[in-house]
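Asks: My structure file target-v7.txt, compact mmCIF, N, CA and C atoms, is below:
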```txt
# COMPACT_ATOMS: atom_id res chain seq x y z
N MET A 1 118.84 93.14 116.75
CA MET A 1 119.45 94.47 116.78
C MET A 1 118.36 95.52 116.95
N SER A 2 118.64 96.49 117.78
CA SER A 2 117.69 97.58 117.94
C SER A 2 117.64 98.39 116.65
N GLN A 3 116.64 99.23 116.54
CA GLN A 3 116.45 100.05 115.34
C GLN A 3 117.55 101.12 115.31
N ILE A 4 118.39 101.09 114.29
CA ILE A 4 119.50 102.04 114.16
C ILE A 4 119.17 103.01 113.04
N GLN A 5 119.40 104.28 113.30
CA GLN A 5 119.26 105.27 112.23
C GLN A 5 120.58 106.04 112.11
N ILE A 6 120.84 106.50 110.90
CA ILE A 6 122.07 107.24 110.61
C ILE A 6 121.69 108.70 110.41
N VAL A 7 122.34 109.58 111.16
CA VAL A 7 122.04 111.01 111.11
C VAL A 7 123.35 111.79 110.98
N PRO A 8 123.28 113.02 110.47
CA PRO A 8 124.49 113.83 110.42
C PRO A 8 124.99 114.13 111.85
N MET A 9 126.30 114.15 112.02
CA MET A 9 126.88 114.48 113.32
C MET A 9 126.52 115.91 113.69
N ASP A 10 126.13 116.10 114.96
CA ASP A 10 125.94 117.47 115.44
C ASP A 10 126.49 117.60 116.86
N GLU A 11 126.40 118.77 117.39
CA GLU A 11 127.01 119.11 118.69
C GLU A 11 126.61 118.14 119.80
N ARG A 12 125.36 117.71 119.82
CA ARG A 12 124.89 116.84 120.91
C ARG A 12 125.57 115.48 120.92
N HIS A 13 126.14 115.07 119.79
CA HIS A 13 126.80 113.77 119.69
C HIS A 13 128.23 113.78 120.24
N LEU A 14 128.85 114.94 120.33
CA LEU A 14 130.29 115.02 120.56
C LEU A 14 130.79 114.32 121.83
N PRO A 15 130.14 114.50 123.00
CA PRO A 15 130.66 113.79 124.18
C PRO A 15 130.66 112.27 124.01
N ALA A 16 129.61 111.72 123.45
CA ALA A 16 129.53 110.27 123.25
C ALA A 16 130.55 109.81 122.22
N LEU A 17 130.75 110.59 121.16
CA LEU A 17 131.73 110.21 120.14
C LEU A 17 133.14 110.24 120.70
N ALA A 18 133.45 111.23 121.54
CA ALA A 18 134.78 111.28 122.16
C ALA A 18 134.99 110.06 123.06
N GLU A 19 133.94 109.62 123.74
CA GLU A 19 134.02 108.42 124.57
C GLU A 19 134.28 107.17 123.71
N ILE A 20 133.57 107.07 122.59
CA ILE A 20 133.79 105.94 121.68
C ILE A 20 135.21 105.97 121.13
N GLU A 21 135.70 107.15 120.79
CA GLU A 21 137.08 107.28 120.31
C GLU A 21 138.05 106.72 121.35
N ARG A 22 137.86 107.09 122.62
CA ARG A 22 138.76 106.62 123.68
C ARG A 22 138.69 105.10 123.82
N ALA A 23 137.51 104.53 123.62
CA ALA A 23 137.34 103.08 123.75
C ALA A 23 137.94 102.32 122.56
N CYS A 24 138.04 102.98 121.41
CA CYS A 24 138.42 102.28 120.18
C CYS A 24 139.85 102.50 119.72
N PHE A 25 140.45 103.63 120.06
CA PHE A 25 141.72 104.00 119.45
C PHE A 25 142.79 104.36 120.47
N HIS A 26 144.03 104.04 120.12
CA HIS A 26 145.17 104.39 120.97
C HIS A 26 145.39 105.91 120.99
N ALA A 27 145.15 106.57 119.86
CA ALA A 27 145.31 108.02 119.75
C ALA A 27 143.95 108.62 119.37
N PRO A 28 143.02 108.67 120.33
CA PRO A 28 141.65 109.10 120.01
C PRO A 28 141.56 110.59 119.68
N TRP A 29 140.56 110.90 118.85
CA TRP A 29 140.24 112.29 118.61
C TRP A 29 139.55 112.84 119.86
N SER A 30 139.85 114.07 120.20
CA SER A 30 139.20 114.73 121.33
C SER A 30 137.85 115.28 120.91
N GLU A 31 137.07 115.66 121.89
CA GLU A 31 135.78 116.28 121.60
C GLU A 31 135.98 117.54 120.76
N ASN A 32 137.02 118.32 121.07
CA ASN A 32 137.29 119.54 120.29
C ASN A 32 137.69 119.22 118.86
N ALA A 33 138.48 118.17 118.66
CA ALA A 33 138.86 117.78 117.30
C ALA A 33 137.63 117.36 116.51
N LEU A 34 136.74 116.62 117.16
CA LEU A 34 135.48 116.24 116.49
C LEU A 34 134.64 117.48 116.18
N ARG A 35 134.60 118.42 117.11
CA ARG A 35 133.82 119.65 116.91
C ARG A 35 134.29 120.40 115.66
N GLU A 36 135.60 120.38 115.43
CA GLU A 36 136.15 121.08 114.27
C GLU A 36 135.65 120.50 112.95
N GLU A 37 135.17 119.27 112.98
CA GLU A 37 134.68 118.62 111.75
C GLU A 37 133.19 118.88 111.50
N LEU A 38 132.49 119.50 112.45
CA LEU A 38 131.06 119.78 112.26
C LEU A 38 130.85 120.60 111.00
N GLY A 39 129.93 120.14 110.17
CA GLY A 39 129.59 120.87 108.95
C GLY A 39 130.57 120.66 107.81
N LYS A 40 131.60 119.86 108.04
CA LYS A 40 132.57 119.57 106.98
C LYS A 40 132.37 118.15 106.50
N GLY A 41 132.60 117.89 105.26
CA GLY A 41 132.59 116.53 104.74
C GLY A 41 131.33 115.76 105.08
N LEU A 42 131.50 114.46 105.27
CA LEU A 42 130.39 113.56 105.58
C LEU A 42 130.70 112.88 106.91
N PHE A 43 130.20 113.43 107.99
CA PHE A 43 130.36 112.83 109.31
C PHE A 43 128.98 112.37 109.75
N LEU A 44 128.84 111.04 109.87
CA LEU A 44 127.54 110.43 110.14
C LEU A 44 127.59 109.64 111.43
N VAL A 45 126.48 109.68 112.18
CA VAL A 45 126.38 109.03 113.48
C VAL A 45 125.27 107.99 113.44
N ALA A 46 125.53 106.83 114.04
CA ALA A 46 124.52 105.79 114.20
C ALA A 46 123.93 105.94 115.60
N GLU A 47 122.60 106.01 115.67
CA GLU A 47 121.88 106.11 116.95
C GLU A 47 120.84 105.01 117.02
N ASP A 48 120.58 104.53 118.24
CA ASP A 48 119.47 103.59 118.40
C ASP A 48 118.18 104.37 118.66
N GLU A 49 117.10 103.64 118.92
CA GLU A 49 115.79 104.29 119.08
C GLU A 49 115.74 105.24 120.28
N ASN A 50 116.68 105.11 121.21
CA ASN A 50 116.74 106.00 122.37
C ASN A 50 117.74 107.14 122.18
N GLN A 51 118.22 107.30 120.97
CA GLN A 51 119.24 108.29 120.60
C GLN A 51 120.57 108.03 121.31
N THR A 52 120.81 106.78 121.68
CA THR A 52 122.12 106.38 122.19
C THR A 52 123.07 106.28 121.00
N VAL A 53 124.20 106.94 121.10
CA VAL A 53 125.17 106.92 120.01
C VAL A 53 125.86 105.56 119.99
N CYS A 54 125.78 104.89 118.84
CA CYS A 54 126.34 103.54 118.67
C CYS A 54 127.69 103.56 117.97
N GLY A 55 127.91 104.58 117.13
CA GLY A 55 129.14 104.66 116.37
C GLY A 55 129.08 105.80 115.38
N TYR A 56 130.15 105.93 114.63
CA TYR A 56 130.16 106.98 113.61
C TYR A 56 131.20 106.69 112.53
N VAL A 57 131.03 107.40 111.43
CA VAL A 57 132.02 107.39 110.37
C VAL A 57 132.28 108.84 109.99
N GLY A 58 133.55 109.16 109.80
CA GLY A 58 133.94 110.50 109.37
C GLY A 58 134.63 110.42 108.03
N CYS A 59 134.23 111.29 107.12
CA CYS A 59 134.81 111.31 105.79
C CYS A 59 135.02 112.75 105.36
N GLN A 60 136.26 113.14 105.21
CA GLN A 60 136.57 114.47 104.70
C GLN A 60 136.48 114.43 103.18
N THR A 61 135.98 115.51 102.61
CA THR A 61 135.87 115.56 101.15
C THR A 61 136.74 116.71 100.64
N VAL A 62 137.50 116.39 99.60
CA VAL A 62 138.40 117.36 98.98
C VAL A 62 138.31 117.18 97.47
N LEU A 63 137.88 118.24 96.77
CA LEU A 63 137.87 118.24 95.31
C LEU A 63 137.22 116.99 94.71
N GLY A 64 136.06 116.63 95.24
CA GLY A 64 135.32 115.51 94.69
C GLY A 64 135.84 114.14 95.08
N GLU A 65 136.69 114.09 96.12
CA GLU A 65 137.23 112.83 96.61
C GLU A 65 136.91 112.70 98.09
N GLY A 66 136.71 111.47 98.55
CA GLY A 66 136.39 111.22 99.95
C GLY A 66 137.51 110.48 100.65
N TYR A 67 137.85 110.93 101.86
CA TYR A 67 138.89 110.32 102.67
C TYR A 67 138.32 109.99 104.04
N ILE A 68 138.08 108.71 104.29
CA ILE A 68 137.54 108.30 105.58
C ILE A 68 138.61 108.48 106.64
N THR A 69 138.27 109.24 107.66
CA THR A 69 139.20 109.50 108.76
C THR A 69 139.04 108.46 109.85
N ASN A 70 137.82 108.14 110.20
CA ASN A 70 137.56 107.19 111.29
C ASN A 70 136.26 106.46 111.05
N VAL A 71 136.26 105.21 111.45
CA VAL A 71 135.05 104.41 111.59
C VAL A 71 135.15 103.81 112.98
N ALA A 72 134.19 104.11 113.82
CA ALA A 72 134.25 103.61 115.20
C ALA A 72 132.86 103.19 115.65
N VAL A 73 132.80 101.99 116.24
CA VAL A 73 131.55 101.48 116.79
C VAL A 73 131.78 101.20 118.27
N SER A 74 130.89 101.67 119.10
CA SER A 74 130.97 101.42 120.53
C SER A 74 131.09 99.92 120.80
N PRO A 75 131.95 99.52 121.73
CA PRO A 75 132.06 98.09 122.05
C PRO A 75 130.70 97.45 122.38
N ASP A 76 129.78 98.22 122.94
CA ASP A 76 128.45 97.69 123.28
C ASP A 76 127.59 97.37 122.06
N PHE A 77 127.96 97.90 120.90
CA PHE A 77 127.13 97.73 119.69
C PHE A 77 127.85 96.99 118.57
N ARG A 78 129.00 96.42 118.87
CA ARG A 78 129.75 95.71 117.82
C ARG A 78 129.06 94.40 117.44
N ARG A 79 129.35 93.96 116.21
CA ARG A 79 128.83 92.69 115.67
C ARG A 79 127.31 92.70 115.55
N GLN A 80 126.75 93.91 115.33
CA GLN A 80 125.31 94.05 115.17
C GLN A 80 124.95 94.75 113.85
N GLY A 81 125.93 94.92 112.97
CA GLY A 81 125.68 95.54 111.68
C GLY A 81 125.78 97.04 111.65
N VAL A 82 126.20 97.66 112.76
CA VAL A 82 126.30 99.13 112.82
C VAL A 82 127.37 99.63 111.85
N GLY A 83 128.55 99.02 111.87
CA GLY A 83 129.61 99.44 110.96
C GLY A 83 129.20 99.30 109.51
N ARG A 84 128.55 98.18 109.18
CA ARG A 84 128.09 97.96 107.81
C ARG A 84 127.09 99.04 107.40
N LEU A 85 126.16 99.37 108.29
CA LEU A 85 125.15 100.40 107.98
C LEU A 85 125.81 101.77 107.82
N LEU A 86 126.79 102.08 108.64
CA LEU A 86 127.51 103.35 108.51
C LEU A 86 128.23 103.45 107.17
N ILE A 87 128.93 102.39 106.78
CA ILE A 87 129.67 102.39 105.51
C ILE A 87 128.69 102.45 104.34
N GLN A 88 127.59 101.70 104.42
CA GLN A 88 126.59 101.71 103.35
C GLN A 88 125.99 103.11 103.18
N THR A 89 125.64 103.75 104.29
CA THR A 89 125.04 105.09 104.22
C THR A 89 126.06 106.10 103.72
N LEU A 90 127.29 105.99 104.18
CA LEU A 90 128.34 106.88 103.69
C LEU A 90 128.51 106.74 102.19
N THR A 91 128.50 105.51 101.70
CA THR A 91 128.64 105.27 100.27
C THR A 91 127.50 105.93 99.50
N GLU A 92 126.27 105.79 99.99
CA GLU A 92 125.12 106.43 99.33
C GLU A 92 125.28 107.94 99.30
N ARG A 93 125.70 108.53 100.42
CA ARG A 93 125.88 109.99 100.49
C ARG A 93 127.03 110.44 99.59
N ALA A 94 128.09 109.64 99.52
CA ALA A 94 129.23 109.98 98.66
C ALA A 94 128.80 109.96 97.19
N GLN A 95 127.95 108.98 96.82
CA GLN A 95 127.43 108.93 95.45
C GLN A 95 126.55 110.15 95.16
N GLN A 96 125.70 110.51 96.12
CA GLN A 96 124.84 111.69 95.95
C GLN A 96 125.67 112.96 95.79
N ALA A 97 126.80 113.01 96.50
CA ALA A 97 127.71 114.17 96.41
C ALA A 97 128.61 114.10 95.18
N GLN A 98 128.43 113.04 94.38
CA GLN A 98 129.19 112.82 93.15
C GLN A 98 130.69 112.75 93.38
N LEU A 99 131.09 112.12 94.49
CA LEU A 99 132.51 111.92 94.72
C LEU A 99 133.02 110.87 93.73
N ALA A 100 134.27 111.02 93.32
CA ALA A 100 134.87 110.07 92.38
C ALA A 100 135.21 108.76 93.08
N PHE A 101 135.67 108.85 94.33
CA PHE A 101 136.03 107.66 95.09
C PHE A 101 136.05 108.00 96.57
N VAL A 102 136.08 106.95 97.37
CA VAL A 102 136.28 107.09 98.81
C VAL A 102 137.43 106.15 99.16
N THR A 103 138.35 106.64 99.98
CA THR A 103 139.51 105.84 100.34
C THR A 103 139.73 105.88 101.85
N LEU A 104 140.48 104.90 102.34
CA LEU A 104 140.75 104.81 103.78
C LEU A 104 142.00 104.00 104.02
N GLU A 105 142.54 104.11 105.23
CA GLU A 105 143.62 103.25 105.69
C GLU A 105 143.06 102.37 106.80
N VAL A 106 143.54 101.14 106.86
CA VAL A 106 143.13 100.20 107.91
C VAL A 106 144.36 99.41 108.34
N ARG A 107 144.45 99.13 109.63
CA ARG A 107 145.58 98.32 110.13
C ARG A 107 145.62 96.99 109.38
N ALA A 108 146.81 96.59 108.98
CA ALA A 108 146.96 95.35 108.22
C ALA A 108 146.46 94.13 109.00
N SER A 109 146.46 94.22 110.33
CA SER A 109 146.01 93.09 111.16
C SER A 109 144.52 93.13 111.49
N ASN A 110 143.82 94.18 111.06
CA ASN A 110 142.41 94.34 111.44
C ASN A 110 141.51 93.59 110.45
N ASP A 111 141.54 92.26 110.57
CA ASP A 111 140.78 91.42 109.64
C ASP A 111 139.28 91.73 109.62
N PRO A 112 138.62 91.95 110.77
CA PRO A 112 137.18 92.26 110.71
C PRO A 112 136.89 93.54 109.90
N ALA A 113 137.69 94.58 110.08
CA ALA A 113 137.48 95.82 109.33
C ALA A 113 137.76 95.61 107.84
N ILE A 114 138.83 94.89 107.54
CA ILE A 114 139.15 94.63 106.13
C ILE A 114 138.01 93.85 105.48
N ALA A 115 137.45 92.89 106.19
CA ALA A 115 136.32 92.12 105.65
C ALA A 115 135.10 93.02 105.44
N LEU A 116 134.84 93.92 106.37
CA LEU A 116 133.73 94.87 106.24
C LEU A 116 133.90 95.73 104.99
N TYR A 117 135.09 96.31 104.82
CA TYR A 117 135.33 97.19 103.67
C TYR A 117 135.31 96.42 102.36
N THR A 118 135.86 95.21 102.35
CA THR A 118 135.84 94.39 101.15
C THR A 118 134.41 94.07 100.75
N ALA A 119 133.58 93.71 101.71
CA ALA A 119 132.17 93.40 101.43
C ALA A 119 131.43 94.62 100.90
N ALA A 120 131.89 95.82 101.27
CA ALA A 120 131.27 97.06 100.80
C ALA A 120 131.83 97.51 99.45
N GLY A 121 132.76 96.73 98.88
CA GLY A 121 133.28 97.04 97.55
C GLY A 121 134.63 97.72 97.53
N TYR A 122 135.22 97.97 98.69
CA TYR A 122 136.54 98.59 98.73
C TYR A 122 137.59 97.55 98.31
N GLU A 123 138.60 98.03 97.60
CA GLU A 123 139.66 97.14 97.14
C GLU A 123 141.00 97.66 97.65
N PRO A 124 141.90 96.74 98.04
CA PRO A 124 143.24 97.18 98.45
C PRO A 124 143.99 97.74 97.26
N VAL A 125 144.57 98.92 97.44
CA VAL A 125 145.28 99.57 96.33
C VAL A 125 146.71 99.94 96.71
N GLY A 126 147.08 99.69 97.96
CA GLY A 126 148.44 100.03 98.37
C GLY A 126 148.67 99.73 99.83
N ARG A 127 149.87 100.01 100.25
CA ARG A 127 150.27 99.75 101.64
C ARG A 127 151.10 100.94 102.11
N ARG A 128 150.84 101.40 103.32
CA ARG A 128 151.63 102.47 103.92
C ARG A 128 152.46 101.85 105.04
N LYS A 129 153.78 101.78 104.82
CA LYS A 129 154.69 101.15 105.79
C LYS A 129 154.70 101.93 107.10
N ASN A 130 154.61 101.19 108.21
CA ASN A 130 154.73 101.77 109.56
C ASN A 130 153.81 102.97 109.79
N PHE A 131 152.62 102.92 109.22
CA PHE A 131 151.66 104.03 109.30
C PHE A 131 151.13 104.22 110.72
N TYR A 132 150.88 103.12 111.40
CA TYR A 132 150.30 103.17 112.75
C TYR A 132 151.36 103.04 113.81
N ARG A 133 151.06 103.58 114.99
CA ARG A 133 151.94 103.48 116.16
C ARG A 133 151.17 102.76 117.26
N ALA A 134 151.95 102.19 118.19
CA ALA A 134 151.42 101.54 119.40
C ALA A 134 150.35 100.50 119.11
N PRO A 135 150.67 99.42 118.47
CA PRO A 135 151.99 99.06 117.97
C PRO A 135 152.22 99.58 116.56
N THR A 136 153.49 99.67 116.19
CA THR A 136 153.84 100.07 114.83
C THR A 136 153.35 98.99 113.87
N GLU A 137 152.65 99.44 112.84
CA GLU A 137 152.06 98.49 111.90
C GLU A 137 151.78 99.18 110.57
N ASP A 138 151.82 98.41 109.50
CA ASP A 138 151.47 98.93 108.18
C ASP A 138 149.98 99.17 108.09
N ALA A 139 149.61 100.06 107.19
CA ALA A 139 148.21 100.29 106.85
C ALA A 139 147.97 99.76 105.44
N ILE A 140 146.82 99.17 105.25
CA ILE A 140 146.37 98.80 103.92
C ILE A 140 145.51 99.97 103.43
N LEU A 141 145.84 100.49 102.27
CA LEU A 141 145.06 101.55 101.65
C LEU A 141 143.98 100.89 100.80
N MET A 142 142.73 101.22 101.09
CA MET A 142 141.60 100.62 100.36
C MET A 142 140.76 101.73 99.75
N THR A 143 140.28 101.49 98.54
CA THR A 143 139.52 102.52 97.81
C THR A 143 138.27 101.91 97.19
N LEU A 144 137.22 102.68 97.23
CA LEU A 144 135.97 102.36 96.54
C LEU A 144 135.80 103.38 95.43
N GLN A 145 135.89 102.90 94.18
CA GLN A 145 135.72 103.76 93.02
C GLN A 145 134.22 103.98 92.80
N LEU A 146 133.78 105.23 92.77
CA LEU A 146 132.35 105.52 92.61
C LEU A 146 131.99 105.94 91.19
N ARG A 147 132.96 106.48 90.47
CA ARG A 147 132.72 106.80 89.06
C ARG A 147 134.06 106.81 88.34
N ASP A 148 133.99 106.68 87.04
CA ASP A 148 135.21 106.65 86.24
C ASP A 148 135.96 107.96 86.36
N ALA A 149 137.27 107.87 86.47
CA ALA A 149 138.11 109.06 86.46
C ALA A 149 138.05 109.68 85.07
N THR A 150 137.91 110.99 85.04
CA THR A 150 137.85 111.66 83.74
C THR A 150 138.92 112.70 83.62
```
Transcribe the structure of this file into structure tokens.
Replies:
Amino acid sequence: MSQIQIVPMDERHLPALAEIERACFHAPWSENALREELGKGLFLVAEDENQTVCGYVGCQTVLGEGYITNVAVSPDFRRQGVGRLLIQTLTERAQQAQLAFVTLEVRASNDPAIALYTAAGYEPVGRRKNFYRAPTEDAILMTLQLRDAT
């Protein structure tokens, strides 16, 4: 694997991230939608040594809680540990920000993603019926508890 570094999302990343969105999702976020997230929450980008964007993770933060919106890795960089590094770095940043937990939804059929999140300590806590479209599918709600609820 090439040398991957995780950096905060900025304007220069947006065209590549929109392209990754189109490659990964049926209902991709547009470049403008990604732009609206600049400076909000924890949006992190994986780059190789040539500053080629490999993937990203987006996490909105609300009242000390984290909600992962998207995890996307370019098809060219899959199965190289990029997703694992993004989730690991996000977890470290969420702990530094003293978030109580981080949660996400994942397609019930997305076994590789579920395995990634489980290995990172996320646990299934619920199911959202018919959450996804094209095709219609349930979402598994997974949460990583970072500190005791008080």
Asks: Nearest to Ala16 in chain A among A:Cys54, A:Ala120, A:Ala139, A:Leu90, with distances taken over only N, CA and C atoms: which residue is it?
Replies: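 Distance minimum relative to Ala16 in chain A lands on A:Cys54.
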Asks: Please provide as a list in words all residues within 8 Å of range 10-12 of chain A, with the sequence filter that same-chain residues fewer than 3 positions apart are discarded (counting only N, CA and C atoms).
Replies: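 Counting only N, CA and C atoms, the residues come to Val7, Pro15, Ala16, Leu17, Arg35, Leu38, Gly39, Phe43, Leu44 and Val45 of chain A.
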Asks: Check range 4-148 of chain A with DSSP on the backbone and list each residue it calls strand (DSSP E or B), as number ranges by chain.
Replies: A: 5-8, 42-47, 53-62, 65-73, 101-107, 123-132, 137-145
Asks: Please report, as JSON, the centre and edge lengths in Å to one decimal of an axis-aligned box covering all listed atoms of range 46-64 of chain A with 8 Å per side.
Replies:
```
{"center_x": 127.1, "center_y": 110.9, "center_z": 108.5, "size_x": 38.7, "size_y": 30.7, "size_z": 43.7}
```
Asks: Work out how far CA of Phe101 in chain A is from CA of Cys24 in chain A, in Å to one decimal.
Replies: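 So the two atoms, CA of Cys24 in chain A and CA of Phe101 in chain A, lie 25.8 Å apart.
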Asks: In Å to one decimal, how far is atom C of Ala33 in chain A from atom C of Gly121 in chain A?
Replies: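 Between atom C of Gly121 in chain A and atom C of Ala33 in chain A the gap works out to 27.5 Å.
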Asks: I want to know what sits within 8 Å of Val82 in chain A, based on all atoms listed in the file, with residues of the same chain fewer than 3 positions away left out; could you give that as a PyMOL selection string?
Replies: chain A and resi 4+46+54-56+72-73+77-79+85-88
Asks: May I have the residues from that selection written out with N, CA and C atoms, as a PDB file, in the coordinates of the input?
Replies:
```pdb
ATOM      1  N   ILE A   4     118.390 101.090 114.290  1.00  0.00           N
ATOM      2  CA  ILE A   4     119.500 102.040 114.160  1.00  0.00           C
ATOM      3  C   ILE A   4     119.170 103.010 113.040  1.00  0.00           C
ATOM      4  N   ALA A  46     125.530 106.830 114.040  1.00  0.00           N
ATOM      5  CA  ALA A  46     124.520 105.790 114.200  1.00  0.00           C
ATOM      6  C   ALA A  46     123.930 105.940 115.600  1.00  0.00           C
ATOM      7  N   CYS A  54     125.780 104.890 118.840  1.00  0.00           N
ATOM      8  CA  CYS A  54     126.340 103.540 118.670  1.00  0.00           C
ATOM      9  C   CYS A  54     127.690 103.560 117.970  1.00  0.00           C
ATOM     10  N   GLY A  55     127.910 104.580 117.130  1.00  0.00           N
ATOM     11  CA  GLY A  55     129.140 104.660 116.370  1.00  0.00           C
ATOM     12  C   GLY A  55     129.080 105.800 115.380  1.00  0.00           C
ATOM     13  N   TYR A  56     130.150 105.930 114.630  1.00  0.00           N
ATOM     14  CA  TYR A  56     130.160 106.980 113.610  1.00  0.00           C
ATOM     15  C   TYR A  56     131.200 106.690 112.530  1.00  0.00           C
ATOM     16  N   ALA A  72     134.190 104.110 113.820  1.00  0.00           N
ATOM     17  CA  ALA A  72     134.250 103.610 115.200  1.00  0.00           C
ATOM     18  C   ALA A  72     132.860 103.190 115.650  1.00  0.00           C
ATOM     19  N   VAL A  73     132.800 101.990 116.240  1.00  0.00           N
ATOM     20  CA  VAL A  73     131.550 101.480 116.790  1.00  0.00           C
ATOM     21  C   VAL A  73     131.780 101.200 118.270  1.00  0.00           C
ATOM     22  N   PHE A  77     127.960  97.900 120.900  1.00  0.00           N
ATOM     23  CA  PHE A  77     127.130  97.730 119.690  1.00  0.00           C
ATOM     24  C   PHE A  77     127.850  96.990 118.570  1.00  0.00           C
ATOM     25  N   ARG A  78     129.000  96.420 118.870  1.00  0.00           N
ATOM     26  CA  ARG A  78     129.750  95.710 117.820  1.00  0.00           C
ATOM     27  C   ARG A  78     129.060  94.400 117.440  1.00  0.00           C
ATOM     28  N   ARG A  79     129.350  93.960 116.210  1.00  0.00           N
ATOM     29  CA  ARG A  79     128.830  92.690 115.670  1.00  0.00           C
ATOM     30  C   ARG A  79     127.310  92.700 115.550  1.00  0.00           C
ATOM     31  N   LEU A  85     126.160  99.370 108.290  1.00  0.00           N
ATOM     32  CA  LEU A  85     125.150 100.400 107.980  1.00  0.00           C
ATOM     33  C   LEU A  85     125.810 101.770 107.820  1.00  0.00           C
ATOM     34  N   LEU A  86     126.790 102.080 108.640  1.00  0.00           N
ATOM     35  CA  LEU A  86     127.510 103.350 108.510  1.00  0.00           C
ATOM     36  C   LEU A  86     128.230 103.450 107.170  1.00  0.00           C
ATOM     37  N   ILE A  87     128.930 102.390 106.780  1.00  0.00           N
ATOM     38  CA  ILE A  87     129.670 102.390 105.510  1.00  0.00           C
ATOM     39  C   ILE A  87     128.690 102.450 104.340  1.00  0.00           C
ATOM     40  N   GLN A  88     127.590 101.700 104.420  1.00  0.00           N
ATOM     41  CA  GLN A  88     126.590 101.710 103.350  1.00  0.00           C
ATOM     42  C   GLN A  88     125.990 103.110 103.180  1.00  0.00           C
TER      43      GLN A  88
END
```
Asks: As a ChimeraX atom specification, please: all residues of chain A that backbone DSSP puts in alpha helix (DSSP H).
Replies: /A:14-24,31-36,82-96,111-119
Asks: Could you list, as a compact mmCIF listing (two decimals) with N, CA and C atoms, in the frame of the given file, every residue within 12 Å of Lys129 in chain A, counting only C-alpha atoms and ignoring same-chain residues fewer than 6 positions away?
Replies:
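File result32.txt, as written:
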```
# COMPACT_ATOMS: atom_id res chain seq x y z
N GLU A 105 142.54 104.11 105.23
CA GLU A 105 143.62 103.25 105.69
C GLU A 105 143.06 102.37 106.80
N VAL A 106 143.54 101.14 106.86
CA VAL A 106 143.13 100.20 107.91
C VAL A 106 144.36 99.41 108.34
N ARG A 107 144.45 99.13 109.63
CA ARG A 107 145.58 98.32 110.13
C ARG A 107 145.62 96.99 109.38
N ALA A 108 146.81 96.59 108.98
CA ALA A 108 146.96 95.35 108.22
C ALA A 108 146.46 94.13 109.00
N THR A 136 153.49 99.67 116.19
CA THR A 136 153.84 100.07 114.83
C THR A 136 153.35 98.99 113.87
N GLU A 137 152.65 99.44 112.84
CA GLU A 137 152.06 98.49 111.90
C GLU A 137 151.78 99.18 110.57
N ASP A 138 151.82 98.41 109.50
CA ASP A 138 151.47 98.93 108.18
C ASP A 138 149.98 99.17 108.09
N ALA A 139 149.61 100.06 107.19
CA ALA A 139 148.21 100.29 106.85
C ALA A 139 147.97 99.76 105.44
N ILE A 140 146.82 99.17 105.25
CA ILE A 140 146.37 98.80 103.92
C ILE A 140 145.51 99.97 103.43
N LEU A 141 145.84 100.49 102.27
CA LEU A 141 145.06 101.55 101.65
C LEU A 141 143.98 100.89 100.80
```
Asks: Can you work out the spacing between atom N of Glu65 in chain A and atom N of Glu37 in chain A in Å, to one decimal?
Replies: 17.7 Å
Asks: May I ask which of the residues A:Ala113, A:Ala23, A:Leu99, A:Val62 is the closest one to Gly83 in chain A, counting only C-alpha atoms?
Replies: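 Going through A:Ala113, A:Ala23, A:Leu99, A:Val62 one by one, the smallest distance to Gly83 in chain A is for A:Ala113.
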Asks: Neighbouring residues of Ala18 in chain A were defined as those with any atom within 6 Å, considering only C-alpha atoms; residues of the same chain fewer than 3 positions away were excluded. Please report them as an MDAnalysis selection string.
Replies: chainID A and resid 15 21 30:31
Asks: Could you dump the residues just selected with N, CA and C atoms as a compact mmCIF listing (two decimals), in the coordinates of the input?
Replies:
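Saved to part.txt:
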```txt
# COMPACT_ATOMS: atom_id res chain seq x y z
N PRO A 15 130.14 114.50 123.00
CA PRO A 15 130.66 113.79 124.18
C PRO A 15 130.66 112.27 124.01
N GLU A 21 135.70 107.15 120.79
CA GLU A 21 137.08 107.28 120.31
C GLU A 21 138.05 106.72 121.35
N SER A 30 139.85 114.07 120.20
CA SER A 30 139.20 114.73 121.33
C SER A 30 137.85 115.28 120.91
N GLU A 31 137.07 115.66 121.89
CA GLU A 31 135.78 116.28 121.60
C GLU A 31 135.98 117.54 120.76
```
Asks: Using all atoms listed in the file, which protein or nucleic acid residues come within 6 Å of Asp48 in chain A? Drop anything in the same chain fewer than 4 positions from it, and give the result as JSON, numbers by chain.
Replies: {"A": [2, 3, 4, 5, 52, 53, 54]}
Asks: Please determine, counting only C-alpha atoms, which residue among A:Asn110, A:Gln80, A:Thr69, A:Thr61 has the shortest atom-to-atom distance to Arg93 in chain A.
Replies: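 The answer is A:Thr61, which sits nearest to Arg93 in chain A.
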Asks: Which one of A:Asn70, A:Thr89, A:Thr143, A:Thr118 sits closest to Thr103 in chain A if you count only N, CA and C atoms?
Replies: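 Closest residue, counting only N, CA and C atoms: A:Thr143.
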